[in-house]
Structures are given as C-alpha cells and as structure tokens.
$ cat data.txt   # compact mmCIF, C-alpha atoms and all ligand atoms
# COMPACT_ATOMS: atom_id res chain seq x y z
CA MET A 693 -38.64 -11.01 11.41
CA SER A 694 -35.15 -10.77 9.89
CA LEU A 695 -32.67 -8.19 11.13
CA PRO A 696 -31.82 -5.33 8.75
CA ALA A 697 -28.66 -5.92 6.67
CA LYS A 698 -25.69 -3.98 8.00
CA VAL A 699 -24.39 -1.23 5.72
CA ASP A 700 -21.07 0.55 6.33
CA LEU A 701 -20.73 4.11 5.09
CA LEU A 702 -16.97 3.68 4.89
CA GLY A 703 -16.28 2.31 1.44
CA LEU A 704 -19.27 3.98 -0.24
CA ASN A 705 -18.41 6.58 -2.85
CA LEU A 706 -20.17 9.91 -3.21
CA GLN A 707 -22.73 8.55 -5.67
CA GLU A 708 -23.60 5.65 -3.36
CA LEU A 709 -23.86 7.96 -0.34
CA THR A 710 -26.14 10.25 -2.34
CA ASN A 711 -28.29 7.28 -3.36
CA LEU A 712 -28.54 6.26 0.28
CA ALA A 713 -29.74 9.72 1.23
CA VAL A 714 -32.31 9.85 -1.57
CA GLU A 715 -33.59 6.34 -0.74
CA ASN A 716 -34.24 7.72 2.73
CA GLN A 717 -36.25 10.69 1.45
CA GLN A 718 -33.43 13.16 1.97
CA PRO A 719 -32.17 15.81 -0.45
CA THR A 720 -29.15 14.86 -2.59
CA PHE A 721 -26.79 17.21 -0.73
CA ARG A 722 -26.97 14.90 2.29
CA GLY A 723 -24.73 12.54 0.32
CA LYS A 724 -22.03 15.20 0.23
CA GLN A 725 -22.52 15.82 3.95
CA LEU A 726 -22.08 12.13 4.68
CA ALA A 727 -18.89 12.01 2.58
CA GLU A 728 -17.56 15.11 4.31
CA ALA A 729 -18.27 13.70 7.77
CA VAL A 730 -16.72 10.28 7.13
CA TYR A 731 -13.83 11.02 4.80
CA ARG A 732 -12.75 14.56 5.68
CA GLN A 733 -13.78 15.02 9.30
CA ARG A 734 -13.35 11.36 10.27
CA ILE A 735 -16.22 11.63 12.77
CA PRO A 736 -16.16 8.58 15.06
CA ALA A 737 -19.89 7.76 15.26
CA LEU A 738 -23.02 8.24 13.17
CA GLU A 739 -24.90 9.99 15.97
CA GLN A 740 -22.12 12.62 16.12
CA ILE A 741 -22.62 13.80 12.53
CA SER A 742 -24.26 17.04 13.55
CA THR A 743 -24.73 18.33 9.99
CA LEU A 744 -27.45 15.70 9.51
CA PRO A 745 -30.96 16.06 10.99
CA GLN A 746 -31.35 13.93 14.08
CA ASN A 747 -34.25 11.91 12.69
CA PHE A 748 -32.17 10.96 9.63
CA ARG A 749 -29.32 9.78 11.87
CA PHE A 750 -31.75 7.69 13.96
CA HIS A 751 -33.37 6.29 10.89
CA LEU A 752 -30.02 5.26 9.39
CA ALA A 753 -28.92 3.61 12.64
CA GLU A 754 -32.24 1.76 12.92
CA SER A 755 -31.93 0.42 9.41
CA GLY A 756 -28.50 -1.08 10.15
CA VAL A 757 -26.27 1.70 8.81
CA ASP A 758 -23.01 2.37 10.63
CA ILE A 759 -19.80 4.18 9.69
CA GLY A 760 -17.86 0.91 10.02
CA TRP A 761 -14.58 2.20 11.40
CA PRO A 762 -11.86 -0.42 11.76
CA GLU A 763 -10.36 -0.56 15.24
CA ILE A 764 -6.74 0.01 16.21
CA LEU A 765 -5.99 -3.09 18.28
CA LYS A 766 -2.29 -2.50 18.93
CA ARG A 767 0.58 -0.19 18.13
CA PHE A 768 4.18 -1.40 17.98
CA VAL A 769 6.53 1.58 18.05
CA SER A 770 10.03 1.31 16.57
CA HIS A 771 13.02 3.33 17.74
CA ASP A 772 13.09 4.89 14.25
CA GLY A 773 9.59 6.35 14.69
CA THR A 774 7.84 3.74 12.54
CA ILE A 775 4.60 2.43 14.03
CA ARG A 776 3.17 -0.95 13.08
CA TYR A 777 -0.57 -0.87 13.68
CA LEU A 778 -2.62 -3.99 14.15
CA ILE A 779 -6.04 -3.06 12.77
CA GLY A 780 -9.14 -5.14 13.41
CA PHE A 781 -12.40 -5.48 11.50
CA GLY A 782 -15.94 -6.40 12.48
CA ASP A 783 -15.53 -10.13 11.78
CA GLY A 784 -12.52 -10.48 14.08
CA GLU A 785 -9.93 -10.51 11.27
CA SER A 786 -7.02 -8.10 11.39
CA VAL A 787 -4.23 -6.73 9.20
CA GLU A 788 -1.16 -4.61 9.69
CA THR A 789 -0.67 -1.08 8.48
CA VAL A 790 2.59 0.79 8.90
CA TRP A 791 3.07 4.50 9.62
CA MET A 792 6.47 5.87 8.63
CA PRO A 793 6.92 9.51 9.68
CA GLU A 794 9.14 11.62 7.42
CA GLY A 795 8.27 9.18 4.63
CA ASP A 796 10.35 6.19 3.84
CA GLY A 797 12.68 8.46 1.92
CA GLY A 798 10.29 8.71 -1.03
CA GLU A 799 7.39 6.70 -2.34
CA ALA A 800 9.59 3.74 -2.83
CA GLY A 801 12.19 4.41 -0.22
CA ASP A 802 14.78 5.83 -2.50
CA GLY A 803 14.63 9.54 -1.85
CA SER A 804 14.02 10.12 -5.55
CA ASP A 805 10.70 11.84 -5.06
CA ALA A 806 10.41 12.58 -1.40
CA TYR A 807 9.69 16.21 -2.15
CA GLU A 808 7.87 18.10 -4.80
CA ASP A 809 9.59 21.11 -6.28
CA GLY A 810 9.93 23.96 -3.81
CA GLU A 811 8.22 22.03 -1.06
CA GLN A 812 11.20 21.08 1.00
CA GLN A 813 11.97 24.40 2.57
CA HIS A 814 8.60 25.12 4.14
CA LEU A 815 7.63 21.72 5.46
CA HIS A 816 8.29 20.86 9.05
CA GLU A 817 9.99 17.49 9.52
CA TRP A 818 7.01 15.40 10.50
CA HIS A 819 4.78 17.03 7.92
CA ARG A 820 5.37 14.13 5.63
CA ALA A 821 4.84 10.49 6.22
CA THR A 822 4.16 7.29 4.35
CA ILE A 823 1.42 4.82 5.19
CA CYS A 824 1.87 1.23 3.99
CA ILE A 825 -1.55 -0.36 3.47
CA SER A 826 -2.72 -3.97 3.37
CA SER A 827 -5.16 -5.21 0.73
CA GLN A 828 -5.90 -8.77 1.91
CA VAL A 829 -5.84 -10.72 5.16
CA GLY A 830 -2.71 -12.77 4.47
CA CYS A 831 -1.53 -13.46 0.93
CA ALA A 832 -1.81 -16.29 -1.58
CA VAL A 833 1.19 -15.42 -3.72
CA ASN A 834 3.74 -17.34 -1.66
CA CYS A 835 6.92 -15.37 -2.30
CA GLN A 836 9.56 -17.44 -0.54
CA PHE A 837 11.24 -14.52 1.23
CA CYS A 838 8.02 -13.08 2.72
CA LEU A 839 6.57 -13.65 6.17
CA THR A 840 3.06 -12.66 5.11
CA ALA A 841 3.04 -15.61 2.72
CA LYS A 842 3.22 -17.94 5.72
CA LEU A 843 -0.34 -16.91 6.64
CA GLY A 844 -1.89 -18.01 3.37
CA VAL A 845 -4.83 -15.85 2.30
CA LYS A 846 -7.88 -15.60 4.54
CA ARG A 847 -9.98 -13.10 2.66
CA ASN A 848 -10.01 -9.95 0.58
CA LEU A 849 -10.48 -6.62 2.30
CA THR A 850 -13.41 -4.46 1.25
CA ALA A 851 -12.85 -1.00 -0.20
CA GLY A 852 -13.96 0.42 3.17
CA GLU A 853 -11.43 -1.70 5.02
CA ILE A 854 -8.63 -0.62 2.69
CA ALA A 855 -9.47 3.10 2.86
CA GLY A 856 -10.36 2.71 6.55
CA GLN A 857 -6.78 1.74 7.45
CA VAL A 858 -5.61 5.09 6.11
CA LEU A 859 -8.36 7.05 7.80
CA VAL A 860 -7.95 5.57 11.29
CA ILE A 861 -4.22 6.23 11.16
CA LEU A 862 -4.72 9.79 9.89
CA ARG A 863 -7.07 10.28 12.83
CA ASP A 864 -4.70 8.62 15.29
CA GLN A 865 -1.85 10.83 14.10
CA GLY A 866 -3.98 13.97 13.86
CA VAL A 867 -3.00 14.54 10.22
CA ASP A 868 -4.36 17.47 8.25
CA VAL A 869 -4.40 16.06 4.71
CA GLY A 870 -4.65 19.54 3.19
CA LYS A 871 -1.45 20.72 4.87
CA GLU A 872 0.70 17.69 5.51
CA ARG A 873 2.25 15.50 2.88
CA ILE A 874 1.05 11.93 2.99
CA ASN A 875 2.33 9.18 0.69
CA LEU A 876 0.45 5.92 0.41
CA VAL A 877 2.04 2.66 -0.61
CA PHE A 878 -0.11 -0.39 -1.21
CA MET A 879 2.67 -2.75 -0.23
CA GLY A 880 1.42 -4.26 3.02
CA MET A 881 -0.18 -7.66 3.47
CA GLY A 882 -1.71 -9.15 0.35
CA GLU A 883 -1.51 -8.74 -3.42
CA PRO A 884 -3.64 -5.70 -4.36
CA PHE A 885 -4.14 -6.96 -7.91
CA LEU A 886 -5.80 -10.13 -6.60
CA ASN A 887 -8.36 -7.87 -4.94
CA TYR A 888 -8.45 -5.46 -7.83
CA ASP A 889 -11.96 -3.98 -7.74
CA ASN A 890 -11.93 -3.25 -4.01
CA PHE A 891 -8.41 -1.87 -4.22
CA MET A 892 -9.34 0.48 -7.09
CA LYS A 893 -12.53 1.62 -5.39
CA ALA A 894 -10.52 2.46 -2.27
CA VAL A 895 -8.02 4.39 -4.39
CA ARG A 896 -10.78 6.48 -5.98
CA ILE A 897 -12.28 7.24 -2.56
CA LEU A 898 -8.87 8.20 -1.17
CA VAL A 899 -8.26 10.53 -4.11
CA GLU A 900 -11.72 12.02 -4.58
CA GLU A 901 -13.13 12.10 -1.06
CA VAL A 902 -10.13 12.01 1.29
CA GLY A 903 -8.06 14.33 -0.91
CA ILE A 904 -4.76 12.45 -1.25
CA PRO A 905 -3.37 12.91 -4.80
CA GLU A 906 -2.87 9.75 -6.85
CA SER A 907 0.65 10.98 -7.65
CA ARG A 908 1.53 10.27 -4.01
CA MET A 909 0.35 6.70 -4.15
CA THR A 910 2.24 3.61 -5.32
CA VAL A 911 0.88 0.10 -5.70
CA SER A 912 3.18 -2.88 -5.78
CA THR A 913 2.28 -6.08 -7.61
CA ALA A 914 4.07 -9.40 -7.68
CA GLY A 915 3.25 -9.51 -11.39
CA ILE A 916 -0.43 -10.31 -12.04
CA VAL A 917 -0.10 -9.53 -15.75
CA PRO A 918 -3.80 -9.25 -16.77
CA ARG A 919 -4.43 -6.79 -13.95
CA ILE A 920 -1.38 -4.71 -14.95
CA GLU A 921 -3.09 -4.42 -18.33
CA ASP A 922 -6.37 -3.35 -16.67
CA PHE A 923 -4.54 -0.92 -14.42
CA ALA A 924 -2.93 0.70 -17.47
CA LYS A 925 -6.42 1.76 -18.61
CA GLU A 926 -7.52 3.43 -15.34
CA SER A 927 -8.04 7.18 -15.47
CA ILE A 928 -7.19 7.56 -11.77
CA ARG A 929 -4.30 5.37 -10.78
CA PRO A 930 -1.33 5.28 -8.39
CA LYS A 931 2.19 4.74 -9.68
CA LEU A 932 3.13 1.13 -10.38
CA ALA A 933 5.87 -0.91 -8.76
CA ILE A 934 6.65 -4.46 -9.85
CA SER A 935 8.25 -6.91 -7.48
CA LEU A 936 10.96 -8.46 -9.66
CA ASN A 937 13.40 -10.18 -7.29
CA ALA A 938 15.14 -12.31 -9.89
CA SER A 939 16.94 -11.86 -13.18
CA ASN A 940 15.83 -14.98 -15.06
CA ASP A 941 12.83 -17.32 -15.11
CA GLU A 942 14.45 -20.25 -13.35
CA LEU A 943 15.53 -18.12 -10.44
CA ARG A 944 12.26 -16.23 -10.28
CA GLU A 945 10.25 -19.44 -10.19
CA SER A 946 12.21 -20.57 -7.18
CA VAL A 947 11.73 -17.28 -5.34
CA MET A 948 8.26 -16.37 -6.62
CA PRO A 949 6.26 -19.44 -7.73
CA LEU A 950 3.76 -17.22 -9.53
CA ASN A 951 6.37 -16.79 -12.24
CA ARG A 952 5.19 -20.17 -13.58
CA LYS A 953 1.89 -18.53 -14.47
CA TRP A 954 3.22 -15.19 -15.72
CA ASP A 955 6.85 -15.47 -16.74
CA LEU A 956 9.35 -12.67 -17.29
CA GLU A 957 8.54 -12.35 -20.96
CA ALA A 958 4.86 -11.71 -20.16
CA LEU A 959 5.71 -9.44 -17.23
CA ILE A 960 8.27 -7.31 -19.02
CA GLY A 961 5.99 -7.22 -22.07
CA ALA A 962 3.22 -5.73 -19.90
CA ALA A 963 5.72 -3.30 -18.38
CA LYS A 964 6.87 -2.12 -21.80
CA ALA A 965 3.27 -1.58 -22.89
CA PHE A 966 2.35 0.31 -19.72
CA PRO A 967 1.55 3.96 -20.53
CA LEU A 968 3.65 6.20 -18.28
CA ARG A 969 2.83 9.78 -17.46
CA ASN A 970 5.22 12.65 -17.86
CA ARG A 971 8.40 12.02 -15.85
CA GLU A 972 6.93 8.82 -14.43
CA ARG A 973 9.02 5.67 -14.17
CA LEU A 974 8.04 2.12 -13.37
CA THR A 975 9.62 0.95 -10.14
CA PHE A 976 11.09 -2.53 -9.99
CA GLU A 977 11.69 -3.88 -6.51
CA TYR A 978 14.46 -6.35 -6.04
CA VAL A 979 14.96 -8.10 -2.71
CA LEU A 980 18.58 -9.24 -2.55
CA LEU A 981 19.07 -12.72 -1.13
CA SER A 982 22.62 -13.63 -0.26
CA GLY A 983 24.17 -16.04 -2.77
CA VAL A 984 20.85 -16.51 -4.58
CA ASN A 985 20.07 -13.49 -6.74
CA ASP A 986 22.73 -10.95 -5.74
CA LYS A 987 25.61 -11.86 -8.06
CA LYS A 988 27.11 -9.49 -10.61
CA GLU A 989 25.75 -11.73 -13.35
CA ASN A 990 22.24 -11.26 -11.93
CA ALA A 991 22.68 -7.49 -12.04
CA ARG A 992 23.79 -7.70 -15.67
CA GLU A 993 20.74 -9.84 -16.48
CA VAL A 994 18.49 -7.23 -14.85
CA VAL A 995 20.08 -4.58 -17.08
CA ARG A 996 19.26 -6.65 -20.18
CA LEU A 997 15.75 -7.38 -18.95
CA LEU A 998 14.90 -3.73 -18.36
CA ASN A 999 16.32 -2.55 -21.64
CA GLY A 1000 13.61 -0.38 -23.23
CA VAL A 1001 11.59 0.13 -20.02
CA ARG A 1002 11.56 3.58 -18.36
CA ALA A 1003 12.41 2.08 -15.01
CA LYS A 1004 14.07 2.62 -11.70
CA VAL A 1005 15.10 -0.14 -9.34
CA ASN A 1006 14.77 -0.27 -5.59
CA LEU A 1007 17.18 -2.69 -3.98
CA ILE A 1008 16.19 -4.14 -0.64
CA ALA A 1009 18.62 -6.30 1.29
CA LEU A 1010 16.48 -9.10 2.72
CA ASN A 1011 14.77 -8.31 5.99
CA PRO A 1012 15.32 -11.56 7.86
CA GLY A 1013 12.58 -13.48 9.64
CA PRO A 1014 11.93 -16.86 11.18
CA GLU A 1015 11.15 -19.66 8.69
CA ILE A 1016 12.69 -17.64 5.84
CA PRO A 1017 15.29 -19.81 4.09
CA TYR A 1018 17.52 -16.94 2.92
CA SER A 1019 20.08 -14.61 4.44
CA THR A 1020 20.94 -10.95 4.03
CA PRO A 1021 23.81 -10.04 1.65
CA ASP A 1022 26.59 -7.87 2.97
CA GLU A 1023 26.65 -4.20 2.18
CA GLN A 1024 29.46 -4.36 -0.34
CA ARG A 1025 27.54 -6.88 -2.43
CA VAL A 1026 24.48 -4.63 -2.43
CA HIS A 1027 26.58 -1.66 -3.58
CA GLU A 1028 28.22 -3.68 -6.35
CA PHE A 1029 24.80 -4.71 -7.62
CA GLN A 1030 23.61 -1.10 -7.48
CA ASN A 1031 26.66 0.19 -9.35
CA ILE A 1032 26.16 -2.20 -12.27
CA LEU A 1033 22.62 -0.87 -12.73
CA ILE A 1034 23.66 2.76 -12.39
CA ASP A 1035 26.56 2.31 -14.83
CA ALA A 1036 24.03 0.97 -17.35
CA GLY A 1037 21.90 4.11 -16.90
CA ILE A 1038 19.21 2.60 -14.67
CA PRO A 1039 18.47 4.69 -11.56
CA ALA A 1040 18.95 2.29 -8.66
CA PHE A 1041 18.42 3.02 -4.99
CA ILE A 1042 19.13 1.09 -1.84
CA ARG A 1043 16.04 1.13 0.28
CA ARG A 1044 16.69 1.42 3.95
CA PRO A 1045 14.43 -0.81 6.03
CA ARG A 1046 12.04 0.83 8.46
CA GLY A 1047 10.85 -0.59 11.74
CA LEU A 1048 13.01 -3.70 11.52
CA ASP A 1049 12.96 -4.09 15.29
CA ILE A 1050 9.16 -4.34 15.32
CA TYR A 1051 8.80 -6.51 12.20
CA ALA A 1052 7.33 -3.67 10.20
CA ALA A 1053 9.77 -3.78 7.30
CA CYS A 1054 9.06 -5.13 3.81
CA GLY A 1055 7.93 -8.72 3.71
CA GLN A 1056 7.70 -8.87 7.49
CA LEU A 1057 4.03 -8.20 8.12
CA LYS A 1058 2.49 -11.21 9.77
CA ARG A 1059 0.45 -9.94 12.70
CA THR A 1060 3.56 -10.80 14.64
CA GLU A 1061 2.86 -10.05 18.28
CA GLU A 1062 4.66 -13.22 19.21
CA LEU A 1063 7.65 -12.32 17.00
CA VAL A 1064 8.19 -9.02 18.77
CA ALA A 1065 8.01 -10.84 22.07
CA LEU A 1066 10.67 -13.27 20.85
CA ARG A 1067 13.23 -10.59 20.18
S1 LIG B 1101 5.83 -10.25 -1.05
FE1 LIG B 1101 3.74 -9.40 -1.31
S2 LIG B 1101 2.85 -10.68 -2.95
FE2 LIG B 1101 4.63 -11.83 -2.18
S3 LIG B 1101 3.78 -13.18 -0.59
FE3 LIG B 1101 4.47 -11.28 0.45
S4 LIG B 1101 2.63 -10.00 0.57
FE4 LIG B 1101 2.23 -11.59 -0.98
$ encode --input "data.txt" --output "structure tokens" --more "lines below"
Ligand code: SF4
Amino acid sequence: MSLPAKVDLLGLNLQELTNLAVENQQPTFRGKQLAEAVYRQRIPALEQISTLPQNFRFHLAESGVDIGWPEILKRFVSHDGTIRYLIGFGDGESVETVWMPEGDGGEAGDGSDAYEDGEQQHLHEWHRATICISSQVGCAVNCQFCLTAKLGVKRNLTAGEIAGQVLVILRDQGVDVGKERINLVFMGMGEPFLNYDNFMKAVRILVEEVGIPESRMTVSTAGIVPRIEDFAKESIRPKLAISLNASNDELRESVMPLNRKWDLEALIGAAKAFPLRNRERLTFEYVLLSGVNDKKENAREVVRLLNGVRAKVNLIALNPGPEIPYSTPDEQRVHEFQNILIDAGIPAFIRRPRGLDIYAACGQLKRTEELVALR
C-alpha cells in the first residue's frame, strides 16, 4: 500500500483550499476557514484549528495534509536591529530571510516612500518593518559581486515556501498586519523571475489572504527580459526594481554575465515599455564597485541610458565579502556619482546597508554561519 501524498496547506490559494474542503465532503465555507487559520491567524498545527470540526481535522491529517510551516533554524541579530533568519524546509534545504525593523528607510532603502501620507505621526517606531524574502535556494545568475551566487542554484522555492518565510517571521515578531506597516522586498537569495509562477502565486496569497498591499512590495530582477514583459501584464503586482550595476554592455557583461543574453538595449527597452501606475517609478539598483563602475563617466552613461524612463536610482556601495573580487568605493566617490544623477533630474538615493555585521546586507546572503563566526 502506498503512503498518501503529502499536501501542504501553505501555498494553496482560497480556491484550492475550498476545493480541498469540498473534495472532503465539507461545505465551501471551510475553505475560507482554512485560509483564515493559516494566513491570518498563523495557527501552528492542523489539530489546533478549532474552527474546523474535529473529524475533518483528523481526516485531513490522515490523508497526508499538513500546514507545512517552514522552521526558523537560527536568528543572527545585528546591532542595528536587523535579524537574519535561517529558515529550513521539509527536505533539509534552507534560505535566509531578513527582518529590518523601522524599514530599510523605504521600500528600496532610500526613504522616498517610507511613509504614506499622514501616516508618520501616529505610528510607533517599530510599527514598520521590511522583510527581505528569498525565492530560490541559491542563485544561478552569477553576479560577480554577490555572495549568494557562490552557492549556485539548488532549487526553486514553492509558493508556500516563499509566503511561509513572511508568515513565520510575522509570527515570530508578533506582527499585526492590519495595524503595523510591513514592506516586503523580494531581494533575498535567488532571482524571482527565474521562479516566476511560484513567486507570483506567493504574491497573490500575500496580498489576498495575508492582507499586505501590493503597493508595499518590491521585486528586484537582474534583468530577465521576457519575465519583465509578463510581469507588466499582471493585475496584481509589486513594484519593479532592476539591478543595473553598470553603464554599458561591456562593463555589465563583466559584472553580470546574464547581460550576454539580455543586453542593455533589450533591458532598457522593456523598462521603457513597462506600464507604471500613478506616481510609480521604476527603481534601478546600482552597486558601486571601486574603480570599476563608479567613475563620473559611468554616472553620465547611466543618465543617458535612463533618458525617457520614469526612474529612480538606488546606489549601494559594495557590501564586501570573502571571495568577492571588488572593493568598496569611498564616500566622496559615491556622493559624486549621486550628484551627477540628481543634477540630470534623476532621483538618486544612497542606500545604507543593514545588518552588515551579520552578513544580512544586499548580496551577502549565503547561509553564512561560518562567515559570522569568522568575524
Ligand atoms: S545579485 Fe541577486 S540575481 Fe545576482 S547572483 Fe545575487 S541573488 Fe542572484
């Protein structure tokens, strides 16, 4: 006799939860109860969902259904309040998810949209935070400045594993989503657009079932052009950030080998065609590497490149790491670069790194227990 296939509730949308209830001879409203229990109440175990009849709970458990919560394996706490979580899944794989209380200064670390109108005065300090979410175990894109790239890609995360990172941290931090402001950035380990369907399903669950508005979510892509085009057609979608990191093709190929597949002409073409909502801007992220892409000429090239795109630029001075062949530019250089963009009318922000001491900053996620020990 074969064992029943395991089904995780986490990752199922309302329709699928309703189908599950109906397949088990339950009324349709049980689907809503399941969604409520998993996504709103974050109940730890199936047998604790007291809104469901006991025989239904037993029956689900017997047929291999579980909630499928990921497990918090470790927390690394930075002096700046950032927490890097190591989160494990049923097959023994793990990813990192980062909690940044008080936000990271805005969805993209620039303070440009840290508050909504009128919100600032009545929110207590820790009533806003940003969670940086992983979409794959490792990453295949191989950006040369990124520690995650050193892992290669092991597998895609499921929609339940992507949404589950958010939910276990909300539970760990005791967050009331209705009252406290939570920003989500899909900028952790992995390239979300190489795991597009699972990423988008997780987004819809986070919006529709968990209750986090899409306007408070940002996804960052290294530039998977066909998926940018798909993403443009989504009715529910986070804001888009594009990881630029170079001002011409030759330079970008050396820093981001994927530029050989989708060059700047294709990337900027997709950016220009991307339909933006009212007051929305595309974010371009630019990691400054000393002596490589941080010259004044590079800044002027970026200005030319972004001509005609409603854009803002986040500048990130490289967060150093072992095996990374670049160094961090000095502050003056970063400011000079910023000023050239601002003088050309492009909003440009210097993003302050979070959790540097625990390897939680951008491009540093590598399940780095040993790295923290080294410091
Ligand atoms: S920067 Fe992002 S896309 Fe590039 S290798 Fe790192 S995780 Fe992957």
$ residues_near_ligand --input "data.txt" --ligand "ligand LIG 1101 (chain B)" --cutoff "7 Å" --atoms "only C-alpha atoms and all ligand atoms" --output "count of residues only"
17
$ closest_residue --input "data.txt" --among "A:Glu754, A:Arg734, A:Leu706, A:Pro1017" --to "A:Phe721" --atoms "only C-alpha atoms"
A:Leu706
$ residues_near_point --input "data.txt" --point "(-10.6, -2.8, 20.4)" --cutoff "9 Å" --atoms "all atoms listed in the file" --output "PyMOL selection string"
chain A and resi 763-766+779-780
$ closest_residue --input "data.txt" --among "A:Asp922, A:Glu957, A:Glu900, A:Glu945" --to "A:Phe885" --atoms "all atoms listed in the file"
A:Asp922
$ atom_distance --input "data.txt" --atom1 "atom CA of A:Met792" --atom2 "atom CA of A:Ile823"
6.2 Å
$ atom_distance --input "data.txt" --atom1 "atom CA of A:Thr710" --atom2 "atom CA of A:Arg749"
14.6 Å
$ residues_near_point --input "data.txt" --point "(-16.4, 1.4, 1.0)" --cutoff "7 Å" --atoms "all atoms listed in the file" --output "PyMOL selection string"
chain A and resi 701-705+850-852+894
$ write_last_selection --input "data.txt" --atoms "C-alpha atoms" --output "compact mmCIF listing (two decimals), in the frame of the given file"
# COMPACT_ATOMS: atom_id res chain seq x y z
CA LEU A 701 -20.73 4.11 5.09
CA LEU A 702 -16.97 3.68 4.89
CA GLY A 703 -16.28 2.31 1.44
CA LEU A 704 -19.27 3.98 -0.24
CA ASN A 705 -18.41 6.58 -2.85
CA THR A 850 -13.41 -4.46 1.25
CA ALA A 851 -12.85 -1.00 -0.20
CA GLY A 852 -13.96 0.42 3.17
CA ALA A 894 -10.52 2.46 -2.27
$ residues_around --input "data.txt" --residues "A:Met892" --least-positions-apart "4" --cutoff "8 Å" --atoms "only C-alpha atoms" --output "PyMOL selection string"
chain A and resi 851+888+896+929
$ atom_distance --input "data.txt" --atom1 "atom CA of A:Ala1040" --atom2 "atom CA of A:Leu932"
16.0 Å
$ residues_around --input "data.txt" --residues "stretch 959-961 of chain A" --least-positions-apart "4" --cutoff "8 Å" --atoms "only C-alpha atoms" --output "list of chain:residue names"
A:Gly915, A:Val917, A:Trp954, A:Asp955, A:Ala965, A:Leu997, A:Leu998
$ closest_residue --input "data.txt" --among "A:Phe837, A:Glu872, A:Val1001, A:Ser927" --to "A:Ser982" --atoms "all atoms listed in the file"
A:Phe837
$ axis_aligned_box --input "data.txt" --around "stretch 1030-1040 of chain A" --padding-each-side "4 Å" --output "JSON"
{"center_x": 22.6, "center_y": 1.2, "center_z": -12.4, "size_x": 16.2, "size_y": 14.9, "size_z": 17.9}
$ build_atoms --input "data.txt" --residues "stretch 988-1000 of chain A" --atoms "N, CA, C and O atoms" --output "mmCIF file, in the coordinates of the input"
data_model
loop_
_atom_site.group_PDB
_atom_site.id
_atom_site.type_symbol
_atom_site.label_atom_id
_atom_site.label_comp_id
_atom_site.auth_asym_id
_atom_site.auth_seq_id
_atom_site.Cartn_x
_atom_site.Cartn_y
_atom_site.Cartn_z
ATOM 1 N N LYS A 988 26.934 -10.503 -9.553
ATOM 2 C CA LYS A 988 27.110 -9.490 -10.610
ATOM 3 C C LYS A 988 26.388 -9.923 -11.886
ATOM 4 O O LYS A 988 25.809 -9.102 -12.593
ATOM 5 N N GLU A 989 26.415 -11.226 -12.152
ATOM 6 C CA GLU A 989 25.750 -11.730 -13.350
ATOM 7 C C GLU A 989 24.238 -11.447 -13.290
ATOM 8 O O GLU A 989 23.606 -11.131 -14.299
ATOM 9 N N ASN A 990 23.672 -11.561 -12.086
ATOM 10 C CA ASN A 990 22.240 -11.260 -11.930
ATOM 11 C C ASN A 990 21.976 -9.775 -12.249
ATOM 12 O O ASN A 990 21.002 -9.450 -12.927
ATOM 13 N N ALA A 991 22.858 -8.923 -11.773
ATOM 14 C CA ALA A 991 22.680 -7.490 -12.040
ATOM 15 C C ALA A 991 22.735 -7.223 -13.548
ATOM 16 O O ALA A 991 21.937 -6.447 -14.087
ATOM 17 N N ARG A 992 23.686 -7.901 -14.216
ATOM 18 C CA ARG A 992 23.790 -7.700 -15.670
ATOM 19 C C ARG A 992 22.551 -8.220 -16.400
ATOM 20 O O ARG A 992 22.085 -7.633 -17.368
ATOM 21 N N GLU A 993 21.995 -9.325 -15.890
ATOM 22 C CA GLU A 993 20.740 -9.840 -16.480
ATOM 23 C C GLU A 993 19.581 -8.860 -16.284
ATOM 24 O O GLU A 993 18.747 -8.683 -17.161
ATOM 25 N N VAL A 994 19.550 -8.221 -15.104
ATOM 26 C CA VAL A 994 18.490 -7.230 -14.850
ATOM 27 C C VAL A 994 18.620 -6.075 -15.846
ATOM 28 O O VAL A 994 17.622 -5.603 -16.412
ATOM 29 N N VAL A 995 19.856 -5.660 -16.110
ATOM 30 C CA VAL A 995 20.080 -4.580 -17.080
ATOM 31 C C VAL A 995 19.501 -4.978 -18.451
ATOM 32 O O VAL A 995 18.782 -4.199 -19.092
ATOM 33 N N ARG A 996 19.771 -6.195 -18.862
ATOM 34 C CA ARG A 996 19.260 -6.650 -20.180
ATOM 35 C C ARG A 996 17.736 -6.723 -20.185
ATOM 36 O O ARG A 996 17.077 -6.312 -21.125
ATOM 37 N N LEU A 997 17.198 -7.216 -19.074
ATOM 38 C CA LEU A 997 15.750 -7.380 -18.950
ATOM 39 C C LEU A 997 15.017 -6.038 -19.053
ATOM 40 O O LEU A 997 13.960 -5.938 -19.671
ATOM 41 N N LEU A 998 15.601 -5.017 -18.429
ATOM 42 C CA LEU A 998 14.900 -3.730 -18.360
ATOM 43 C C LEU A 998 15.243 -2.806 -19.531
ATOM 44 O O LEU A 998 14.789 -1.662 -19.565
ATOM 45 N N ASN A 999 15.988 -3.334 -20.455
ATOM 46 C CA ASN A 999 16.320 -2.550 -21.640
ATOM 47 C C ASN A 999 15.018 -2.147 -22.354
ATOM 48 O O ASN A 999 14.200 -2.992 -22.674
ATOM 49 N N GLY A 1000 14.816 -0.837 -22.544
ATOM 50 C CA GLY A 1000 13.610 -0.380 -23.230
ATOM 51 C C GLY A 1000 12.447 -0.074 -22.299
ATOM 52 O O GLY A 1000 11.371 0.316 -22.750
#
